[in-house]
Amino acid sequence: MTLLDHGRGAGDVIVVGPASWNTLVRVPTLPTGGSQTVFATGHRTALGGTSAGKAVTLTALGVPTRLHTVLGMDAAAERIRAALAPVDVTAWPAVAGRSEQHLNLMSDDGGRLSVYLELPTAAPGAGPTAEQIAAAGAVVVDLAEWTMPVLAMARAAGTPVICDVHDDDGLAAFQRPWADAADLVLVSADRLADPVAYLRDRVARGCALAVCTRGAEGALACDADGLWQVDPAPAVPVDSNGAGDAFLAGLLAGLLAGRDTPSALGWASAAGAAAVSSPELGAPDLTRETLAAAGVRVRRA
C-alpha cells in the first residue's frame with residue numbers, strides 16, 4: 001500500500017496555486033546590506049510560480065493534471081498562458097487585472113533572492129469546486145491565501161492533500177493550515193533547526209509522509225515506520241528555480257504509478273536534479289523512463 005492507495009482508481013491531480021512571469025537575473029553573489037552596485041552576468045524572462053512548476057513536470061510525466069491559478073488581463077498573463085501551453089489550465093480572474101510577477105536574483109552558488117513585483121488578489125470564488133476535488137486522485141494545494149478553502153474541501157472529501165510549505169520553520173503562523181492539512185508535506189531545510197524533529201512531528205500529527213529537501217545533500221523523509229535517507233541524484237547546476245516543485249512532482253508521479261515509498265522518493269530526487277540541470281521551470285522534458293533509470297539510493301536512516 002502507498003499513500004495514494006485510496007480506492008479512487010484515478011490518477012488525475014488538481015494543482016491549486018500561483019503561476020507567474022519572472023525576470024531572472026544572474027549575479028556572482030547575492031547583494032548584502034548597504035548601497036552597492038551589482039553587475040549581472042545574464043538575465044532573461046521566464047515562467048515561474050510554484051504551482052506552475054509542479055503542473056509542468058507532472059504533465060511531462062504523463063500524469064493527468066489540471067492547474068487552477070489566478071491570472072490578470074495583462075501581457076504577463078499572455079506570456080504565462082503561452083508557456084503553460086502543454087498544461088490543462090483553469091485561470092481565475094485577478095482583481096485589478098494584474099498577474100503575479102517576480103524579480104529573482106540568482107547567484108552562482110545557488111542562492112536566490114525573490115522580489116515580488118506583483119501579487120494578485122483572486123476574485124471571489126476562485127479555485128476548484130467541491131465536486132472536482134472529490135473526483136480527483138490528489139490535490140496539491142500551494143501557499144496562497146485564496147487556496148486555503150481548498151484544504152477543508154479536500155479533507156471533507158477524503159481526497160489526499162499534498163502541500164509544499166517551502167521554508168517553513170515549524171512555527172510561522174502562515175504555513176500552519178497547509179502543514180496541518182497535508183497527507184504529504186514537503187519542506188526545505190533552509191529555516192529548520194532540526195529537520196528530523198520537524199518531520200517526526202508532522203507524522204505524529206497525522207501526516208502520512210513528510211519530506212525535507214536538503215539541496216546537494218539530498219533529502220530526508222519520515223513515515224509511520226521511521227526515517228528515509230534519500231541520496232542526491234547527479235546534477236549539472238544551471239538554474240535552481242523549480243527544483244523543489246519538480247521533486248514533489250516526481251514523488252507524486254511515483255506514488256500514483258503504484259511505486260512504494262523508497263522508489264517514489266528516488267523518482268523525486270531524480271526529478272529535482274533534472275530541474276536543477278535545466279534552464280526551464282521544473283523539468284518539462286522529463287520522462288518516467290529517465291526517473292526509473294536514475295537509480296537513486298534510498299534507505300532507512
# chains A, B, ... in the order shown; residues from 1 in each chain; ligands from 1
call {"tool": "closest_atom_pairs", "arguments": {"of": "range 77-176 of chain A", "to": "range 51-54 of chain A", "cutoff": "10 Å", "atoms": "only C-alpha atoms", "output": "CSV"}}
result
residue,atom,partner,partner_atom,distance
A:Ile80,CA,A:Ala52,CA,9.1
A:Ala83,CA,A:Ala52,CA,9.6
A:Leu84,CA,A:Ala52,CA,7.6
A:Val87,CA,A:Ala52,CA,8.9
A:Val89,CA,A:Ala52,CA,9.5
A:Val140,CA,A:Ser51,CA,8.3
A:Val141,CA,A:Ser51,CA,8.3
A:Asp142,CA,A:Ser51,CA,6.5
A:Leu143,CA,A:Ser51,CA,9.1
A:Asp164,CA,A:Ser51,CA,9.6
call {"tool": "select_by_dssp", "arguments": {"residues": "range 64-247 of chain A", "states": "strand (DSSP E or B)", "output": "ChimeraX atom specification"}}
result
/A:65-71,88-95,100-107,112-118,121-122,138-141,161-164,184-188,209-213,219-223,226-230
call {"tool": "write_last_selection", "arguments": {"atoms": "C-alpha atoms", "output": "PDB file, in the first residue's frame"}}
result
ATOM      1  CA  THR A  65      -3.171  17.326 -14.301  1.00  0.00           C
ATOM      2  CA  ARG A  66      -5.316  20.452 -14.129  1.00  0.00           C
ATOM      3  CA  LEU A  67      -3.772  23.664 -12.838  1.00  0.00           C
ATOM      4  CA  HIS A  68      -6.053  26.187 -11.142  1.00  0.00           C
ATOM      5  CA  THR A  69      -4.313  29.557 -10.929  1.00  0.00           C
ATOM      6  CA  VAL A  70      -5.026  33.304 -10.910  1.00  0.00           C
ATOM      7  CA  LEU A  71      -4.164  35.470 -13.910  1.00  0.00           C
ATOM      8  CA  ASP A  88      -4.556  21.918 -18.756  1.00  0.00           C
ATOM      9  CA  VAL A  89      -5.161  25.312 -17.097  1.00  0.00           C
ATOM     10  CA  THR A  90      -8.161  26.922 -15.449  1.00  0.00           C
ATOM     11  CA  ALA A  91      -7.317  30.607 -14.941  1.00  0.00           C
ATOM     12  CA  TRP A  92      -9.343  32.585 -12.425  1.00  0.00           C
ATOM     13  CA  PRO A  93      -9.502  36.376 -12.731  1.00  0.00           C
ATOM     14  CA  ALA A  94      -7.330  38.638 -10.621  1.00  0.00           C
ATOM     15  CA  VAL A  95      -8.752  41.743  -9.016  1.00  0.00           C
ATOM     16  CA  GLU A 100       1.875  37.673 -10.489  1.00  0.00           C
ATOM     17  CA  GLN A 101       5.415  38.762 -11.341  1.00  0.00           C
ATOM     18  CA  HIS A 102       8.759  38.338  -9.581  1.00  0.00           C
ATOM     19  CA  LEU A 103      12.290  39.603  -9.922  1.00  0.00           C
ATOM     20  CA  ASN A 104      14.673  36.786  -8.983  1.00  0.00           C
ATOM     21  CA  LEU A 105      18.361  37.413  -8.334  1.00  0.00           C
ATOM     22  CA  MET A 106      20.255  34.119  -8.681  1.00  0.00           C
ATOM     23  CA  SER A 107      23.849  33.725  -7.560  1.00  0.00           C
ATOM     24  CA  ARG A 112      18.244  33.192  -4.714  1.00  0.00           C
ATOM     25  CA  LEU A 113      16.556  36.428  -3.715  1.00  0.00           C
ATOM     26  CA  SER A 114      12.966  36.738  -4.936  1.00  0.00           C
ATOM     27  CA  VAL A 115      11.278  40.142  -5.070  1.00  0.00           C
ATOM     28  CA  TYR A 116       7.508  40.174  -5.601  1.00  0.00           C
ATOM     29  CA  LEU A 117       6.701  42.835  -8.182  1.00  0.00           C
ATOM     30  CA  GLU A 118       3.006  41.981  -8.453  1.00  0.00           C
ATOM     31  CA  THR A 121      -5.748  39.162  -5.368  1.00  0.00           C
ATOM     32  CA  ALA A 122      -8.072  36.423  -6.550  1.00  0.00           C
ATOM     33  CA  ALA A 138      -4.979  14.022  -5.231  1.00  0.00           C
ATOM     34  CA  VAL A 139      -4.992  17.776  -4.693  1.00  0.00           C
ATOM     35  CA  VAL A 140      -1.788  19.801  -4.474  1.00  0.00           C
ATOM     36  CA  VAL A 141      -2.594  22.973  -2.538  1.00  0.00           C
ATOM     37  CA  VAL A 161      -3.879  16.616   0.247  1.00  0.00           C
ATOM     38  CA  ILE A 162      -0.330  17.406  -0.894  1.00  0.00           C
ATOM     39  CA  CYS A 163       1.292  20.610   0.412  1.00  0.00           C
ATOM     40  CA  ASP A 164       4.648  22.235  -0.267  1.00  0.00           C
ATOM     41  CA  LEU A 184       2.015  14.513   2.247  1.00  0.00           C
ATOM     42  CA  VAL A 185       4.063  17.570   3.166  1.00  0.00           C
ATOM     43  CA  LEU A 186       7.275  18.864   1.568  1.00  0.00           C
ATOM     44  CA  VAL A 187       9.550  21.365   3.313  1.00  0.00           C
ATOM     45  CA  SER A 188      13.032  22.700   2.632  1.00  0.00           C
ATOM     46  CA  LEU A 209       4.680  11.126   4.600  1.00  0.00           C
ATOM     47  CA  ALA A 210       6.789  14.188   5.453  1.00  0.00           C
ATOM     48  CA  VAL A 211       9.805  15.076   3.298  1.00  0.00           C
ATOM     49  CA  CYS A 212      12.581  17.640   3.735  1.00  0.00           C
ATOM     50  CA  THR A 213      14.781  18.616   0.793  1.00  0.00           C
ATOM     51  CA  ALA A 219      16.525  14.667   1.235  1.00  0.00           C
ATOM     52  CA  LEU A 220      15.121  13.154   4.401  1.00  0.00           C
ATOM     53  CA  ALA A 221      11.669  11.622   4.688  1.00  0.00           C
ATOM     54  CA  CYS A 222       9.597  10.231   7.512  1.00  0.00           C
ATOM     55  CA  ASP A 223       6.594   7.932   7.614  1.00  0.00           C
ATOM     56  CA  GLY A 226      10.663   5.851  10.635  1.00  0.00           C
ATOM     57  CA  LEU A 227      13.132   7.871   8.580  1.00  0.00           C
ATOM     58  CA  TRP A 228      14.339   7.531   4.988  1.00  0.00           C
ATOM     59  CA  GLN A 229      17.623   8.902   3.679  1.00  0.00           C
ATOM     60  CA  VAL A 230      17.413   9.989   0.028  1.00  0.00           C
TER      61      VAL A 230
END
call {"tool": "residues_around", "arguments": {"residues": "Thr287 in chain A", "least_positions_apart": "3", "cutoff": "8 Å", "atoms": "only C-alpha atoms", "output": "ChimeraX atom specification"}}
result
/A:60-61,290-291
call {"tool": "write_last_selection", "arguments": {"atoms": "all heavy atoms", "output": "JSON list (two decimals), in the first residue's frame"}}
result
[["chain", "number", "residue", "atom", "x", "y", "z"],
["A", 60, "ALA", "N", 4.56, 16.54, -17.95],
["A", 60, "ALA", "CA", 5.64, 15.88, -18.69],
["A", 60, "ALA", "C", 5.71, 14.39, -18.35],
["A", 60, "ALA", "O", 6.03, 13.56, -19.21],
["A", 60, "ALA", "CB", 6.97, 16.55, -18.39],
["A", 61, "LEU", "N", 5.39, 14.06, -17.11],
["A", 61, "LEU", "CA", 5.46, 12.67, -16.66],
["A", 61, "LEU", "C", 4.19, 11.88, -16.95],
["A", 61, "LEU", "O", 4.03, 10.75, -16.52],
["A", 61, "LEU", "CB", 5.76, 12.63, -15.16],
["A", 61, "LEU", "CG", 7.17, 13.11, -14.77],
["A", 61, "LEU", "CD1", 7.31, 13.20, -13.25],
["A", 61, "LEU", "CD2", 8.23, 12.16, -15.34],
["A", 290, "THR", "N", 13.34, 8.06, -17.62],
["A", 290, "THR", "CA", 14.52, 8.75, -17.09],
["A", 290, "THR", "C", 14.58, 8.61, -15.57],
["A", 290, "THR", "O", 15.65, 8.35, -15.00],
["A", 290, "THR", "CB", 14.49, 10.24, -17.48],
["A", 290, "THR", "OG1", 14.46, 10.34, -18.89],
["A", 290, "THR", "CG2", 15.71, 10.96, -16.94],
["A", 291, "LEU", "N", 13.46, 8.80, -14.91],
["A", 291, "LEU", "CA", 13.43, 8.70, -13.45],
["A", 291, "LEU", "C", 13.77, 7.29, -12.99],
["A", 291, "LEU", "O", 14.52, 7.09, -12.04],
["A", 291, "LEU", "CB", 12.05, 9.11, -12.93],
["A", 291, "LEU", "CG", 11.61, 10.55, -13.18],
["A", 291, "LEU", "CD1", 10.26, 10.81, -12.52],
["A", 291, "LEU", "CD2", 12.65, 11.54, -12.69]]
call {"tool": "residues_around", "arguments": {"residues": "Thr129 in chain A", "least_positions_apart": "4", "cutoff": "10 Å", "atoms": "only C-alpha atoms", "output": "list in words"}}
result
Gly125, Ile133, Ala134, Val150, Met153 and Ala154 of chain A
call {"tool": "atom_distance", "arguments": {"atom1": "CA of Gly254 in chain A", "atom2": "CA of Ala46 in chain A"}}
result
27.5 Å
call {"tool": "residues_around", "arguments": {"residues": "Phe174 in chain A", "least_positions_apart": "6", "cutoff": "10 Å", "atoms": "only C-alpha atoms", "output": "PDB file with N, CA and C atoms, in the first residue's frame"}}
result
ATOM      1  N   LEU A 143       0.869  27.453  -1.321  1.00  0.00           N
ATOM      2  CA  LEU A 143       0.724  28.573  -0.404  1.00  0.00           C
ATOM      3  C   LEU A 143       0.225  29.830  -1.120  1.00  0.00           C
ATOM      4  N   ALA A 144      -1.002  30.180  -0.855  1.00  0.00           N
ATOM      5  CA  ALA A 144      -1.609  31.433  -1.302  1.00  0.00           C
ATOM      6  C   ALA A 144      -2.907  31.561  -0.522  1.00  0.00           C
ATOM      7  N   GLU A 145      -3.243  32.753  -0.104  1.00  0.00           N
ATOM      8  CA  GLU A 145      -4.423  32.913   0.741  1.00  0.00           C
ATOM      9  C   GLU A 145      -5.688  32.386   0.072  1.00  0.00           C
ATOM     10  N   VAL A 165       5.318  23.415   1.765  1.00  0.00           N
ATOM     11  CA  VAL A 165       5.341  24.564   2.672  1.00  0.00           C
ATOM     12  C   VAL A 165       6.667  25.313   2.607  1.00  0.00           C
ATOM     13  N   ASP A 168       9.181  26.676   5.633  1.00  0.00           N
ATOM     14  CA  ASP A 168       8.508  26.662   6.931  1.00  0.00           C
ATOM     15  C   ASP A 168       9.517  26.378   8.043  1.00  0.00           C
TER      16      ASP A 168
END
call {"tool": "residues_around", "arguments": {"residues": "Gly282 in chain A", "least_positions_apart": "4", "cutoff": "12 Å", "atoms": "only C-alpha atoms", "output": "ChimeraX atom specification"}}
result
/A:46-61,84,238-250,268,270-278,286
call {"tool": "write_last_selection", "arguments": {"atoms": "C-alpha atoms", "output": "mmCIF file, in the first residue's frame"}}
result
data_model
loop_
_atom_site.group_PDB
_atom_site.id
_atom_site.type_symbol
_atom_site.label_atom_id
_atom_site.label_comp_id
_atom_site.auth_asym_id
_atom_site.auth_seq_id
_atom_site.Cartn_x
_atom_site.Cartn_y
_atom_site.Cartn_z
ATOM 1 C CA ALA A 46 10.505 33.027 -17.997
ATOM 2 C CA LEU A 47 7.569 31.183 -16.495
ATOM 3 C CA GLY A 48 7.572 31.000 -12.711
ATOM 4 C CA GLY A 49 5.329 30.098 -9.818
ATOM 5 C CA THR A 50 5.414 27.059 -7.569
ATOM 6 C CA SER A 51 2.135 25.600 -8.880
ATOM 7 C CA ALA A 52 3.139 26.165 -12.497
ATOM 8 C CA GLY A 53 6.390 24.290 -11.847
ATOM 9 C CA LYS A 54 4.574 21.288 -10.389
ATOM 10 C CA ALA A 55 1.983 21.208 -13.169
ATOM 11 C CA VAL A 56 4.644 21.391 -15.900
ATOM 12 C CA THR A 57 6.591 18.423 -14.504
ATOM 13 C CA LEU A 58 3.507 16.328 -13.702
ATOM 14 C CA THR A 59 2.252 16.856 -17.246
ATOM 15 C CA ALA A 60 5.636 15.875 -18.694
ATOM 16 C CA LEU A 61 5.463 12.669 -16.657
ATOM 17 C CA LEU A 84 1.872 26.671 -19.959
ATOM 18 C CA VAL A 238 22.140 25.517 -14.255
ATOM 19 C CA ASP A 239 19.093 27.016 -12.551
ATOM 20 C CA SER A 240 17.575 26.088 -9.185
ATOM 21 C CA ASN A 241 14.161 27.615 -9.971
ATOM 22 C CA GLY A 242 11.505 24.924 -9.769
ATOM 23 C CA ALA A 243 13.749 22.228 -8.300
ATOM 24 C CA GLY A 244 11.516 21.666 -5.282
ATOM 25 C CA ASP A 245 8.428 21.690 -7.474
ATOM 26 C CA ALA A 246 9.933 19.032 -9.743
ATOM 27 C CA PHE A 247 10.954 16.985 -6.687
ATOM 28 C CA LEU A 248 7.371 16.936 -5.439
ATOM 29 C CA ALA A 249 6.007 16.189 -8.919
ATOM 30 C CA GLY A 250 8.376 13.241 -9.288
ATOM 31 C CA ALA A 268 11.625 12.666 -6.655
ATOM 32 C CA ALA A 270 15.969 12.416 -9.947
ATOM 33 C CA ALA A 271 13.245 14.905 -10.948
ATOM 34 C CA GLY A 272 14.714 17.612 -8.727
ATOM 35 C CA ALA A 273 18.169 17.071 -10.221
ATOM 36 C CA ALA A 274 16.730 17.292 -13.734
ATOM 37 C CA ALA A 275 15.167 20.641 -12.882
ATOM 38 C CA VAL A 276 18.427 21.993 -11.457
ATOM 39 C CA SER A 277 20.170 20.909 -14.668
ATOM 40 C CA SER A 278 17.659 22.724 -16.903
ATOM 41 C CA LEU A 286 11.395 14.598 -18.100
#
call {"tool": "closest_residue", "arguments": {"among": "A:Asp12, A:Glu78, A:Asp231, A:Asp108", "to": "Val25 in chain A", "atoms": "only C-alpha atoms"}}
result
A:Asp108
call {"tool": "atom_distance", "arguments": {"atom1": "CA of Gln132 in chain A", "atom2": "CA of Val16 in chain A"}}
result
12.0 Å
call {"tool": "select_by_dssp", "arguments": {"residues": "range 159-231 of chain A", "states": "helix (DSSP H, G or I)", "output": "list in words"}}
result
Arg176, Pro177, Trp178, Ala179, Asp180, Ala181, Pro195, Val196, Ala197, Tyr198, Leu199, Arg200, Asp201, Arg202, Val203, Ala204, Gly215, Ala216 and Glu217 of chain A
call {"tool": "residues_around", "arguments": {"residues": "Arg44 in chain A", "least_positions_apart": "3", "cutoff": "10 Å", "atoms": "only C-alpha atoms", "output": "NGL selection string"}}
result
:A and (22-26)
call {"tool": "closest_residue", "arguments": {"among": "A:Val236, A:Ala123, A:Ala96, A:Val298", "to": "Met73 in chain A", "atoms": "only C-alpha atoms"}}
result
A:Ala96
call {"tool": "decode", "arguments": {"residues": "range 188-207 of chain A", "atoms": "N, CA, C and O atoms", "output": "CSV table (one decimal), in the first residue's frame"}}
result
chain,number,residue,atom,x,y,z
A,188,SER,N,11.6,22.6,2.8
A,188,SER,CA,13.0,22.7,2.6
A,188,SER,C,13.7,22.9,4.0
A,188,SER,O,13.1,23.3,5.0
A,189,ALA,N,15.0,22.5,4.0
A,189,ALA,CA,15.7,22.6,5.3
A,189,ALA,C,16.2,24.0,5.6
A,189,ALA,O,16.9,24.2,6.6
A,190,ASP,N,15.9,25.0,4.7
A,190,ASP,CA,16.5,26.3,4.8
A,190,ASP,C,16.4,27.0,6.2
A,190,ASP,O,17.3,27.6,6.7
A,191,ARG,N,15.2,26.8,6.9
A,191,ARG,CA,14.9,27.5,8.1
A,191,ARG,C,14.7,26.5,9.3
A,191,ARG,O,14.2,27.0,10.3
A,192,LEU,N,15.0,25.3,9.1
A,192,LEU,CA,14.7,24.3,10.1
A,192,LEU,C,16.0,24.0,11.0
A,192,LEU,O,17.0,23.6,10.5
A,193,ALA,N,15.8,24.3,12.3
A,193,ALA,CA,16.9,24.0,13.2
A,193,ALA,C,17.2,22.5,13.3
A,193,ALA,O,18.3,22.0,13.5
A,194,ASP,N,16.1,21.7,13.2
A,194,ASP,CA,16.2,20.3,13.4
A,194,ASP,C,15.2,19.6,12.4
A,194,ASP,O,14.0,19.4,12.8
A,195,PRO,N,15.6,19.3,11.2
A,195,PRO,CA,14.7,18.7,10.2
A,195,PRO,C,14.1,17.4,10.7
A,195,PRO,O,12.9,17.2,10.4
A,196,VAL,N,14.8,16.6,11.4
A,196,VAL,CA,14.3,15.3,11.8
A,196,VAL,C,13.1,15.5,12.8
A,196,VAL,O,12.1,14.8,12.7
A,197,ALA,N,13.3,16.4,13.7
A,197,ALA,CA,12.3,16.7,14.7
A,197,ALA,C,11.0,17.2,14.0
A,197,ALA,O,9.9,16.9,14.3
A,198,TYR,N,11.2,18.1,13.0
A,198,TYR,CA,10.1,18.6,12.2
A,198,TYR,C,9.3,17.5,11.5
A,198,TYR,O,8.1,17.4,11.6
A,199,LEU,N,10.0,16.6,10.8
A,199,LEU,CA,9.4,15.5,10.1
A,199,LEU,C,8.6,14.6,11.0
A,199,LEU,O,7.5,14.2,10.8
A,200,ARG,N,9.3,14.2,12.1
A,200,ARG,CA,8.6,13.3,13.1
A,200,ARG,C,7.3,14.0,13.7
A,200,ARG,O,6.3,13.3,13.9
A,201,ASP,N,7.4,15.3,13.9
A,201,ASP,CA,6.3,16.0,14.5
A,201,ASP,C,5.1,16.0,13.5
A,201,ASP,O,3.9,15.8,13.9
A,202,ARG,N,5.4,16.2,12.2
A,202,ARG,CA,4.4,16.2,11.2
A,202,ARG,C,3.7,14.8,11.1
A,202,ARG,O,2.4,14.7,11.0
A,203,VAL,N,4.5,13.7,11.2
A,203,VAL,CA,3.9,12.4,11.1
A,203,VAL,C,3.1,12.1,12.4
A,203,VAL,O,2.0,11.5,12.3
A,204,ALA,N,3.6,12.6,13.5
A,204,ALA,CA,2.8,12.4,14.8
A,204,ALA,C,1.5,13.1,14.7
A,204,ALA,O,0.5,12.7,15.4
A,205,ARG,N,1.4,14.2,14.0
A,205,ARG,CA,0.2,15.0,13.9
A,205,ARG,C,-0.8,14.4,12.8
A,205,ARG,O,-1.8,15.0,12.5
A,206,GLY,N,-0.4,13.3,12.1
A,206,GLY,CA,-1.3,12.7,11.2
A,206,GLY,C,-0.9,12.7,9.7
A,206,GLY,O,-1.6,12.1,8.9
A,207,CYS,N,0.3,13.3,9.4
A,207,CYS,CA,0.8,13.3,8.0
A,207,CYS,C,1.3,11.9,7.7
A,207,CYS,O,2.0,11.3,8.5
